[in-house]
>>> print(open('data.cif').read())   # mmCIF, C-alpha atoms and all ligand atoms
data_entry
#
loop_
_atom_site.label_atom_id
_atom_site.label_comp_id
_atom_site.auth_asym_id
_atom_site.auth_seq_id
_atom_site.Cartn_x
_atom_site.Cartn_y
_atom_site.Cartn_z
CA MET A 140 98.91 -70.54 8.06
CA ILE A 141 100.28 -67.00 8.32
CA GLU A 142 102.22 -65.99 5.19
CA LEU A 143 104.16 -62.85 4.30
CA LEU A 144 103.75 -61.49 0.76
CA PRO A 145 106.50 -58.98 -0.03
CA SER A 146 105.19 -56.34 -2.46
CA ILE A 147 107.86 -55.55 -5.05
CA LEU A 148 106.33 -52.09 -5.61
CA ALA A 149 108.66 -50.78 -2.89
CA SER A 150 111.75 -52.63 -4.14
CA ASP A 151 114.63 -51.41 -6.28
CA PHE A 152 113.43 -52.42 -9.75
CA ALA A 153 116.98 -52.33 -11.10
CA ARG A 154 117.87 -55.15 -8.67
CA LEU A 155 114.55 -56.94 -8.71
CA ALA A 156 115.78 -60.55 -8.68
CA ASP A 157 118.13 -59.84 -5.74
CA GLU A 158 115.38 -58.06 -3.84
CA VAL A 159 113.05 -61.03 -4.30
CA HIS A 160 115.77 -63.46 -3.18
CA ALA A 161 116.37 -61.38 -0.04
CA ALA A 162 112.67 -61.27 0.83
CA GLU A 163 112.45 -65.02 0.23
CA ALA A 164 115.46 -65.65 2.48
CA GLY A 165 113.66 -63.67 5.21
CA GLY A 166 110.59 -65.93 4.98
CA GLY A 167 108.41 -64.35 2.28
CA THR A 168 106.43 -67.14 0.58
CA VAL A 169 104.38 -65.40 -2.14
CA ILE A 170 105.48 -62.39 -4.22
CA HIS A 171 102.86 -59.63 -4.46
CA VAL A 172 102.89 -57.82 -7.82
CA ASP A 173 100.99 -54.52 -8.11
CA VAL A 174 99.68 -53.75 -11.58
CA MET A 175 98.43 -50.16 -12.10
CA ASP A 176 97.16 -48.54 -15.28
CA GLY A 177 96.93 -44.81 -14.49
CA HIS A 178 93.12 -44.99 -14.83
CA PHE A 179 91.67 -47.16 -12.06
CA VAL A 180 94.40 -45.74 -9.82
CA PRO A 181 96.52 -42.62 -10.39
CA ASN A 182 99.82 -44.44 -10.89
CA LEU A 183 101.60 -46.67 -13.41
CA THR A 184 103.64 -49.77 -12.69
CA LEU A 185 104.32 -52.91 -14.66
CA GLY A 186 102.91 -55.63 -16.88
CA PRO A 187 103.33 -59.23 -18.05
CA PRO A 188 106.90 -58.81 -19.46
CA LEU A 189 108.24 -58.09 -15.98
CA VAL A 190 106.47 -61.13 -14.53
CA LYS A 191 107.90 -63.23 -17.35
CA SER A 192 111.45 -62.02 -16.65
CA LEU A 193 111.15 -62.50 -12.91
CA ARG A 194 109.61 -65.97 -13.34
CA LYS A 195 113.08 -67.33 -14.19
CA HIS A 196 114.50 -66.13 -10.87
CA THR A 197 112.13 -67.56 -8.26
CA LYS A 198 109.87 -70.55 -7.69
CA LEU A 199 107.60 -68.58 -5.32
CA PRO A 200 104.04 -68.01 -6.53
CA PHE A 201 103.23 -64.56 -7.95
CA ASP A 202 100.12 -62.88 -6.56
CA VAL A 203 99.10 -60.31 -9.16
CA HIS A 204 96.97 -57.45 -7.79
CA MET A 205 95.17 -55.86 -10.73
CA MET A 206 94.49 -52.15 -10.19
CA VAL A 207 93.34 -51.59 -13.75
CA GLU A 208 90.20 -50.96 -15.72
CA ARG A 209 89.10 -54.02 -17.73
CA PRO A 210 91.39 -56.57 -16.06
CA ASP A 211 89.86 -59.34 -18.23
CA ASP A 212 91.93 -58.03 -21.16
CA PHE A 213 95.16 -59.02 -19.40
CA VAL A 214 94.29 -62.38 -17.80
CA ALA A 215 95.74 -64.53 -20.58
CA ALA A 216 98.95 -62.51 -20.83
CA PHE A 217 99.68 -62.71 -17.10
CA ALA A 218 98.88 -66.43 -17.02
CA GLU A 219 101.29 -67.04 -19.91
CA ALA A 220 103.94 -64.92 -18.19
CA GLY A 221 103.80 -67.22 -15.15
CA ALA A 222 101.43 -65.54 -12.68
CA ASN A 223 99.82 -67.92 -10.15
CA TRP A 224 97.20 -65.90 -8.28
CA MET A 225 95.25 -62.94 -9.63
CA SER A 226 93.01 -60.55 -7.71
CA VAL A 227 90.59 -58.12 -9.32
CA HIS A 228 88.78 -55.21 -7.72
CA TYR A 229 85.04 -55.40 -7.11
CA GLU A 230 85.03 -51.68 -8.04
CA ALA A 231 86.60 -52.32 -11.47
CA CYS A 232 84.55 -55.37 -12.51
CA PRO A 233 80.92 -54.89 -13.57
CA HIS A 234 80.87 -58.62 -14.44
CA LEU A 235 82.78 -59.90 -11.44
CA HIS A 236 81.63 -63.52 -11.76
CA ARG A 237 82.90 -63.58 -15.34
CA SER A 238 86.25 -62.05 -14.41
CA LEU A 239 86.85 -64.53 -11.58
CA SER A 240 85.81 -67.46 -13.78
CA LEU A 241 88.19 -66.31 -16.50
CA ILE A 242 91.08 -66.23 -14.04
CA ARG A 243 90.35 -69.80 -12.94
CA GLU A 244 89.97 -70.95 -16.54
CA HIS A 245 93.51 -69.69 -17.12
CA GLY A 246 94.84 -71.85 -14.30
CA MET A 247 95.32 -69.09 -11.72
CA GLU A 248 93.81 -68.78 -8.23
CA PRO A 249 91.15 -66.03 -8.31
CA GLY A 250 90.85 -63.38 -5.63
CA VAL A 251 88.50 -60.44 -5.15
CA VAL A 252 89.70 -57.09 -3.76
CA ILE A 253 87.64 -54.45 -1.96
CA ASN A 254 88.67 -50.84 -1.43
CA PRO A 255 88.54 -49.33 2.07
CA ALA A 256 85.14 -47.68 1.48
CA THR A 257 83.53 -50.83 0.02
CA PRO A 258 81.59 -53.00 2.48
CA VAL A 259 82.24 -56.74 2.71
CA GLU A 260 78.58 -57.58 2.01
CA VAL A 261 78.78 -56.69 -1.70
CA ILE A 262 81.06 -59.65 -2.45
CA LEU A 263 78.89 -62.24 -0.65
CA PRO A 264 77.72 -63.92 -3.87
CA VAL A 265 81.26 -64.63 -5.11
CA LEU A 266 82.82 -65.80 -1.84
CA PRO A 267 82.34 -69.50 -2.73
CA MET A 268 84.38 -69.09 -5.92
CA VAL A 269 87.44 -67.24 -4.66
CA HIS A 270 90.76 -68.51 -3.33
CA HIS A 271 91.31 -65.29 -1.38
CA VAL A 272 89.67 -62.00 -0.47
CA LEU A 273 91.99 -59.01 -0.43
CA VAL A 274 91.02 -56.25 1.98
CA MET A 275 92.67 -52.96 1.03
CA SER A 276 93.77 -51.17 4.17
CA VAL A 277 94.82 -48.06 2.20
CA ASN A 278 93.35 -46.51 -0.92
CA PRO A 279 95.17 -48.30 -3.75
CA GLY A 280 97.74 -46.58 -5.94
CA PHE A 281 100.80 -45.99 -3.80
CA GLY A 282 103.02 -47.73 -1.30
CA GLY A 283 103.97 -46.20 2.03
CA GLN A 284 100.51 -45.01 3.11
CA LYS A 285 99.06 -45.18 6.59
CA PHE A 286 96.93 -48.17 7.63
CA ILE A 287 93.19 -47.39 7.86
CA PRO A 288 92.03 -48.83 11.22
CA PHE A 289 88.44 -49.72 10.24
CA SER A 290 89.90 -52.34 7.88
CA LEU A 291 90.20 -54.53 10.96
CA ASP A 292 86.39 -54.66 11.30
CA LYS A 293 86.15 -55.85 7.69
CA ILE A 294 88.73 -58.58 8.27
CA ARG A 295 86.81 -59.74 11.36
CA ARG A 296 83.52 -59.73 9.42
CA LEU A 297 85.06 -61.83 6.63
CA LYS A 298 86.37 -64.33 9.12
CA GLU A 299 82.88 -64.66 10.64
CA LEU A 300 81.31 -65.06 7.20
CA ARG A 301 83.82 -67.73 6.24
CA GLN A 302 82.89 -69.69 9.35
CA GLU A 303 79.11 -69.17 8.92
CA LEU A 304 79.19 -70.21 5.27
CA GLY A 305 81.63 -73.08 5.76
CA LEU A 306 84.08 -71.69 3.18
CA THR A 307 87.87 -71.84 2.95
CA PHE A 308 88.94 -68.62 1.21
CA ARG A 309 92.01 -66.94 2.64
CA ILE A 310 91.99 -63.39 3.96
CA GLU A 311 94.66 -61.07 2.59
CA VAL A 312 95.41 -57.54 3.74
CA ASP A 313 97.32 -54.91 1.76
CA GLY A 314 98.47 -51.42 2.70
CA GLY A 315 100.27 -49.97 5.70
CA VAL A 316 101.15 -53.39 7.12
CA ASP A 317 104.30 -52.84 9.17
CA ALA A 318 105.86 -53.67 12.53
CA GLU A 319 103.23 -51.54 14.29
CA THR A 320 100.11 -52.90 12.59
CA ILE A 321 100.95 -56.49 11.67
CA ALA A 322 99.90 -58.10 14.96
CA SER A 323 96.49 -56.42 14.84
CA VAL A 324 95.70 -57.69 11.33
CA VAL A 325 96.61 -61.23 12.33
CA THR A 326 94.47 -61.02 15.48
CA ALA A 327 91.57 -59.76 13.35
CA GLY A 328 91.89 -62.84 11.12
CA ALA A 329 94.10 -62.07 8.10
CA ASP A 330 96.51 -64.83 7.07
CA LEU A 331 98.07 -63.40 3.90
CA LEU A 332 100.01 -60.28 4.83
CA VAL A 333 101.23 -57.98 2.06
CA ALA A 334 104.06 -55.62 2.97
CA GLY A 335 105.90 -53.28 0.62
CA SER A 336 107.80 -50.49 2.38
CA ALA A 337 108.06 -52.49 5.60
CA VAL A 338 110.07 -55.14 3.70
CA PHE A 339 111.94 -53.19 1.02
CA GLY A 340 111.95 -49.68 2.47
CA GLY A 341 115.12 -49.77 4.53
CA GLY A 342 117.52 -51.70 2.30
CA HIS A 343 117.57 -54.86 4.44
CA ALA A 344 114.74 -56.90 2.99
CA GLU A 345 115.81 -60.22 4.50
CA GLN A 346 116.01 -58.94 8.09
CA GLN A 347 112.89 -56.83 7.73
CA ALA A 348 110.84 -59.73 6.38
CA ARG A 349 112.06 -61.95 9.21
CA LEU A 350 111.16 -59.38 11.85
CA LEU A 351 107.66 -58.89 10.41
CA LEU A 352 107.02 -62.63 10.42
CA GLU A 353 108.19 -62.91 14.01
CA LEU A 354 105.79 -60.16 15.03
CA ALA A 355 102.97 -61.76 13.03
CA ARG A 356 103.46 -65.21 14.55
CA LYS A 357 103.81 -64.09 18.18
C1 LIG B 1 99.02 -50.20 -2.97
C2 LIG B 1 99.46 -51.59 -3.27
C3 LIG B 1 100.25 -52.26 -2.21
C4 LIG B 1 101.51 -51.54 -1.81
C5 LIG B 1 101.59 -51.65 -0.33
O1 LIG B 1 98.09 -49.79 -3.89
O2 LIG B 1 98.35 -52.42 -3.53
O3 LIG B 1 100.50 -53.62 -2.50
O4 LIG B 1 102.69 -52.08 -2.37
O5 LIG B 1 102.63 -50.88 0.13
P1 LIG B 1 102.88 -50.63 1.67
O6 LIG B 1 103.10 -51.98 2.31
O7 LIG B 1 104.09 -49.77 1.66
O8 LIG B 1 101.66 -49.95 2.22
ZN ZN B 2 98.79 -54.59 -3.74
#
>>> encode(input="data.cif", output="structure tokens", more="lines below")
Ligand code: DX5
Ligand code: ZN
Amino acid sequence: MIELLPSILASDFARLADEVHAAEAGGGTVIHVDVMDGHFVPNLTLGPPLVKSLRKHTKLPFDVHMMVERPDDFVAAFAEAGANWMSVHYEACPHLHRSLSLIREHGMEPGVVINPATPVEVILPVLPMVHHVLVMSVNPGFGGQKFIPFSLDKIRRLKELRQELGLTFRIEVDGGVDAETIASVVTAGADLLVAGSAVFGGGHAEQQARLLLELARK
């Protein structure tokens, strides 16, 4: 099933609950939450208190994308705050199996993320234990960047691997997904589509989410 995951990074934080409601009304089904620490990526965003506050305003699952060093330190706090899915970067986790296990032990769905320059093959050993693989189609840290076309090859490769290995993980794509690129990521095999600026950028989140979903499901 194709799902749209509005990324609140591009929303108006002062009106966060309203922004989420608008994206939900337009068909968004999972809320993507970008956590940045100023070390793993050169930007700062938000932490568990924001997830806790927002939890009261929506029943949609929260997909927390950890762009931090030592994500294990924050697993319990995000789980308590009400996060549902958590993805950690291959590049930030020297003990990736431990990190993914910890996420599951805390009742969240674990996902592994790979940066644009990281090949799919390095995450082969953990594919059986993840709920989703997140393919970064921009270098993480900022919204509004341009989609990197070779990400499509990685999505296709993951889809093949899933079939060959008889697995069920979902394939998520994040970065530069907009009206121009969304059809190509779906054709390549992604089914969880993160969009930040394309949903929240123009001030009409409901209509923009609806349009993206129409283009994705064509
Ligand atoms: C970037 C974040 C993305 C970001 C995507 O590091 O992981 O989730 O919000 O923004 P757009 O959709 O504008 O590329
Ligand atoms: Zn993200």
>>> residues_near_ligand(input="data.cif", ligand="ligand ZN 2 (chain B)", cutoff="10 Å", atoms="all atoms listed in the file", output="VMD selection string")
chain A and resid 144 to 148 171 to 175 202 to 206 226 252 273 to 277 279 to 282 311 to 314 333 to 335
>>> write_last_selection(input="data.cif", atoms="C-alpha atoms", output="CSV table (one decimal), in the coordinates of the input")
chain,number,residue,atom,x,y,z
A,144,LEU,CA,103.8,-61.5,0.8
A,145,PRO,CA,106.5,-59.0,0.0
A,146,SER,CA,105.2,-56.3,-2.5
A,147,ILE,CA,107.9,-55.6,-5.0
A,148,LEU,CA,106.3,-52.1,-5.6
A,171,HIS,CA,102.9,-59.6,-4.5
A,172,VAL,CA,102.9,-57.8,-7.8
A,173,ASP,CA,101.0,-54.5,-8.1
A,174,VAL,CA,99.7,-53.8,-11.6
A,175,MET,CA,98.4,-50.2,-12.1
A,202,ASP,CA,100.1,-62.9,-6.6
A,203,VAL,CA,99.1,-60.3,-9.2
A,204,HIS,CA,97.0,-57.4,-7.8
A,205,MET,CA,95.2,-55.9,-10.7
A,206,MET,CA,94.5,-52.2,-10.2
A,226,SER,CA,93.0,-60.6,-7.7
A,252,VAL,CA,89.7,-57.1,-3.8
A,273,LEU,CA,92.0,-59.0,-0.4
A,274,VAL,CA,91.0,-56.2,2.0
A,275,MET,CA,92.7,-53.0,1.0
A,276,SER,CA,93.8,-51.2,4.2
A,277,VAL,CA,94.8,-48.1,2.2
A,279,PRO,CA,95.2,-48.3,-3.8
A,280,GLY,CA,97.7,-46.6,-5.9
A,281,PHE,CA,100.8,-46.0,-3.8
A,282,GLY,CA,103.0,-47.7,-1.3
A,311,GLU,CA,94.7,-61.1,2.6
A,312,VAL,CA,95.4,-57.5,3.7
A,313,ASP,CA,97.3,-54.9,1.8
A,314,GLY,CA,98.5,-51.4,2.7
A,333,VAL,CA,101.2,-58.0,2.1
A,334,ALA,CA,104.1,-55.6,3.0
A,335,GLY,CA,105.9,-53.3,0.6
>>> residues_around(input="data.cif", residues="segment 215-221 of chain A", least_positions_apart="6", cutoff="6 Å", atoms="all atoms listed in the file", output="list of chain:residue names")
A:Pro187, A:Val190, A:Lys191
>>> closest_residue(input="data.cif", among="A:Val324, A:Ile294, A:Leu235, A:Val316", to="ligand LIG 1 (chain B)", atoms="all atoms listed in the file")
A:Val316
>>> axis_aligned_box(input="data.cif", around="segment 166-174 of chain A", padding_each_side="3 Å", output="AutoDock Vina command-line options")
--center_x 105.1 --center_y -60.4 --center_z -3.3 --size_x 16.9 --size_y 19.4 --size_z 22.6
>>> residues_around(input="data.cif", residues="Leu189 of chain A", least_positions_apart="3", cutoff="10 Å", atoms="all atoms listed in the file", output="MDAnalysis selection string")
chainID A and resid 152 155 172 185:186 192:194 217 220
>>> residues_around(input="data.cif", residues="His178 of chain A", least_positions_apart="3", cutoff="8 Å", atoms="all atoms listed in the file", output="PyMOL selection string")
chain A and resi 175+181-182+207-208
>>> atom_distance(input="data.cif", atom1="atom CA of Gly165 of chain A", atom2="atom CA of Leu143 of chain A")
9.6 Å
>>> closest_residue(input="data.cif", among="A:His228, A:Arg296, A:Arg301, A:Arg309", to="ligand LIG 1 (chain B)", atoms="only C-alpha atoms and all ligand atoms")
A:His228
>>> closest_residue(input="data.cif", among="A:Glu158, A:Glu299, A:Asp211, A:Glu260", to="Ser240 of chain A", atoms="only C-alpha atoms")
A:Asp211
>>> residues_around(input="data.cif", residues="Ser238 of chain A", least_positions_apart="2", cutoff="9 Å", atoms="only C-alpha atoms", output="NGL selection string")
:A and (210-211 or 214 or 227 or 232-236 or 240-243 or 249)
>>> closest_residue(input="data.cif", among="A:Leu183, A:Ala327, A:Val159, A:Leu354", to="ligand LIG 1 (chain B)", atoms="only C-alpha atoms and all ligand atoms")
A:Leu183
>>> atom_distance(input="data.cif", atom1="atom CA of Leu239 of chain A", atom2="atom CA of Asn278 of chain A")
21.9 Å
>>> decode(input="data.cif", residues="segment 145-248 of chain A", atoms="C-alpha atoms", output="PDB file, in the first residue's frame")
ATOM      1  CA  PRO A 145       4.224  14.329   5.795  1.00  0.00           C
ATOM      2  CA  SER A 146       7.503  15.542   7.333  1.00  0.00           C
ATOM      3  CA  ILE A 147       6.776  18.221   9.931  1.00  0.00           C
ATOM      4  CA  LEU A 148      10.272  19.679   9.447  1.00  0.00           C
ATOM      5  CA  ALA A 149       8.803  21.960   6.769  1.00  0.00           C
ATOM      6  CA  SER A 150       5.706  22.912   8.771  1.00  0.00           C
ATOM      7  CA  ASP A 151       4.996  26.000  10.847  1.00  0.00           C
ATOM      8  CA  PHE A 152       6.052  24.797  14.309  1.00  0.00           C
ATOM      9  CA  ALA A 153       3.919  27.469  15.983  1.00  0.00           C
ATOM     10  CA  ARG A 154       0.828  25.835  14.432  1.00  0.00           C
ATOM     11  CA  LEU A 155       2.018  22.257  14.538  1.00  0.00           C
ATOM     12  CA  ALA A 156      -1.239  20.537  15.537  1.00  0.00           C
ATOM     13  CA  ASP A 157      -3.175  22.376  12.798  1.00  0.00           C
ATOM     14  CA  GLU A 158      -0.517  21.539  10.223  1.00  0.00           C
ATOM     15  CA  VAL A 159      -0.705  17.847  11.137  1.00  0.00           C
ATOM     16  CA  HIS A 160      -4.518  17.899  10.957  1.00  0.00           C
ATOM     17  CA  ALA A 161      -4.358  19.474   7.490  1.00  0.00           C
ATOM     18  CA  ALA A 162      -1.874  16.897   6.216  1.00  0.00           C
ATOM     19  CA  GLU A 163      -4.035  14.138   7.691  1.00  0.00           C
ATOM     20  CA  ALA A 164      -7.154  15.545   6.011  1.00  0.00           C
ATOM     21  CA  GLY A 165      -5.256  15.433   2.701  1.00  0.00           C
ATOM     22  CA  GLY A 166      -4.503  11.713   3.137  1.00  0.00           C
ATOM     23  CA  GLY A 167      -1.237  11.598   5.103  1.00  0.00           C
ATOM     24  CA  THR A 168      -1.240   8.411   7.208  1.00  0.00           C
ATOM     25  CA  VAL A 169       2.045   8.498   9.168  1.00  0.00           C
ATOM     26  CA  ILE A 170       3.755  11.618  10.555  1.00  0.00           C
ATOM     27  CA  HIS A 171       7.491  11.787   9.813  1.00  0.00           C
ATOM     28  CA  VAL A 172       9.502  13.432  12.604  1.00  0.00           C
ATOM     29  CA  ASP A 173      13.098  14.489  11.862  1.00  0.00           C
ATOM     30  CA  VAL A 174      15.403  14.488  14.868  1.00  0.00           C
ATOM     31  CA  MET A 175      18.778  16.228  14.350  1.00  0.00           C
ATOM     32  CA  ASP A 176      21.547  16.819  16.869  1.00  0.00           C
ATOM     33  CA  GLY A 177      23.967  19.238  15.167  1.00  0.00           C
ATOM     34  CA  HIS A 178      26.638  16.493  15.110  1.00  0.00           C
ATOM     35  CA  PHE A 179      25.551  13.664  12.822  1.00  0.00           C
ATOM     36  CA  VAL A 180      23.985  16.343  10.615  1.00  0.00           C
ATOM     37  CA  PRO A 181      24.669  20.089  10.632  1.00  0.00           C
ATOM     38  CA  ASN A 182      21.257  21.141  11.929  1.00  0.00           C
ATOM     39  CA  LEU A 183      19.154  21.044  15.097  1.00  0.00           C
ATOM     40  CA  THR A 184      15.486  20.189  15.402  1.00  0.00           C
ATOM     41  CA  LEU A 185      13.424  18.623  18.142  1.00  0.00           C
ATOM     42  CA  GLY A 186      13.197  15.935  20.790  1.00  0.00           C
ATOM     43  CA  PRO A 187      10.827  13.777  22.847  1.00  0.00           C
ATOM     44  CA  PRO A 188       8.915  16.696  24.498  1.00  0.00           C
ATOM     45  CA  LEU A 189       7.572  17.792  21.126  1.00  0.00           C
ATOM     46  CA  VAL A 190       6.464  14.250  20.280  1.00  0.00           C
ATOM     47  CA  LYS A 191       4.766  14.034  23.674  1.00  0.00           C
ATOM     48  CA  SER A 192       2.862  17.293  23.091  1.00  0.00           C
ATOM     49  CA  LEU A 193       1.826  16.363  19.578  1.00  0.00           C
ATOM     50  CA  ARG A 194       0.748  12.863  20.672  1.00  0.00           C
ATOM     51  CA  LYS A 195      -2.397  14.394  22.214  1.00  0.00           C
ATOM     52  CA  HIS A 196      -3.448  15.899  18.880  1.00  0.00           C
ATOM     53  CA  THR A 197      -3.359  12.966  16.450  1.00  0.00           C
ATOM     54  CA  LYS A 198      -3.859   9.214  16.390  1.00  0.00           C
ATOM     55  CA  LEU A 199      -1.545   8.789  13.370  1.00  0.00           C
ATOM     56  CA  PRO A 200       1.666   6.851  13.994  1.00  0.00           C
ATOM     57  CA  PHE A 201       4.858   8.890  14.422  1.00  0.00           C
ATOM     58  CA  ASP A 202       7.833   7.786  12.328  1.00  0.00           C
ATOM     59  CA  VAL A 203      10.894   9.168  14.083  1.00  0.00           C
ATOM     60  CA  HIS A 204      13.949   9.584  11.830  1.00  0.00           C
ATOM     61  CA  MET A 205      17.007   9.767  14.062  1.00  0.00           C
ATOM     62  CA  MET A 206      19.794  11.876  12.557  1.00  0.00           C
ATOM     63  CA  VAL A 207      21.868  11.837  15.723  1.00  0.00           C
ATOM     64  CA  GLU A 208      25.011  10.313  17.117  1.00  0.00           C
ATOM     65  CA  ARG A 209      24.279   7.570  19.683  1.00  0.00           C
ATOM     66  CA  PRO A 210      20.558   7.172  18.952  1.00  0.00           C
ATOM     67  CA  ASP A 211      20.365   4.364  21.550  1.00  0.00           C
ATOM     68  CA  ASP A 212      20.491   7.022  24.280  1.00  0.00           C
ATOM     69  CA  PHE A 213      17.100   8.387  23.190  1.00  0.00           C
ATOM     70  CA  VAL A 214      15.113   5.233  22.380  1.00  0.00           C
ATOM     71  CA  ALA A 215      13.360   4.991  25.745  1.00  0.00           C
ATOM     72  CA  ALA A 216      12.473   8.686  25.851  1.00  0.00           C
ATOM     73  CA  PHE A 217      10.891   8.666  22.388  1.00  0.00           C
ATOM     74  CA  ALA A 218       8.991   5.449  23.133  1.00  0.00           C
ATOM     75  CA  GLU A 219       7.599   6.990  26.338  1.00  0.00           C
ATOM     76  CA  ALA A 220       6.685  10.166  24.449  1.00  0.00           C
ATOM     77  CA  GLY A 221       4.509   8.119  22.076  1.00  0.00           C
ATOM     78  CA  ALA A 222       6.677   7.424  19.018  1.00  0.00           C
ATOM     79  CA  ASN A 223       5.625   4.356  16.990  1.00  0.00           C
ATOM     80  CA  TRP A 224       8.349   3.779  14.403  1.00  0.00           C
ATOM     81  CA  MET A 225      12.017   4.672  14.755  1.00  0.00           C
ATOM     82  CA  SER A 226      14.701   4.623  12.072  1.00  0.00           C
ATOM     83  CA  VAL A 227      18.419   4.827  12.754  1.00  0.00           C
ATOM     84  CA  HIS A 228      21.221   5.484  10.302  1.00  0.00           C
ATOM     85  CA  TYR A 229      23.606   2.685   9.342  1.00  0.00           C
ATOM     86  CA  GLU A 230      26.289   5.416   9.321  1.00  0.00           C
ATOM     87  CA  ALA A 231      25.606   6.405  12.951  1.00  0.00           C
ATOM     88  CA  CYS A 232      25.324   2.915  14.475  1.00  0.00           C
ATOM     89  CA  PRO A 233      28.480   0.840  14.981  1.00  0.00           C
ATOM     90  CA  HIS A 234      26.278  -1.762  16.727  1.00  0.00           C
ATOM     91  CA  LEU A 235      23.331  -1.653  14.370  1.00  0.00           C
ATOM     92  CA  HIS A 236      21.846  -4.993  15.441  1.00  0.00           C
ATOM     93  CA  ARG A 237      21.800  -3.792  19.041  1.00  0.00           C
ATOM     94  CA  SER A 238      20.192  -0.465  18.137  1.00  0.00           C
ATOM     95  CA  LEU A 239      17.430  -2.104  16.089  1.00  0.00           C
ATOM     96  CA  SER A 240      16.797  -4.689  18.818  1.00  0.00           C
ATOM     97  CA  LEU A 241      16.540  -1.939  21.417  1.00  0.00           C
ATOM     98  CA  ILE A 242      13.919  -0.122  19.347  1.00  0.00           C
ATOM     99  CA  ARG A 243      11.815  -3.283  19.090  1.00  0.00           C
ATOM    100  CA  GLU A 244      12.226  -4.003  22.798  1.00  0.00           C
ATOM    101  CA  HIS A 245      10.685  -0.588  23.433  1.00  0.00           C
ATOM    102  CA  GLY A 246       7.620  -1.484  21.404  1.00  0.00           C
ATOM    103  CA  MET A 247       8.448   0.552  18.290  1.00  0.00           C
ATOM    104  CA  GLU A 248       8.851  -0.639  14.686  1.00  0.00           C
TER     105      GLU A 248
END
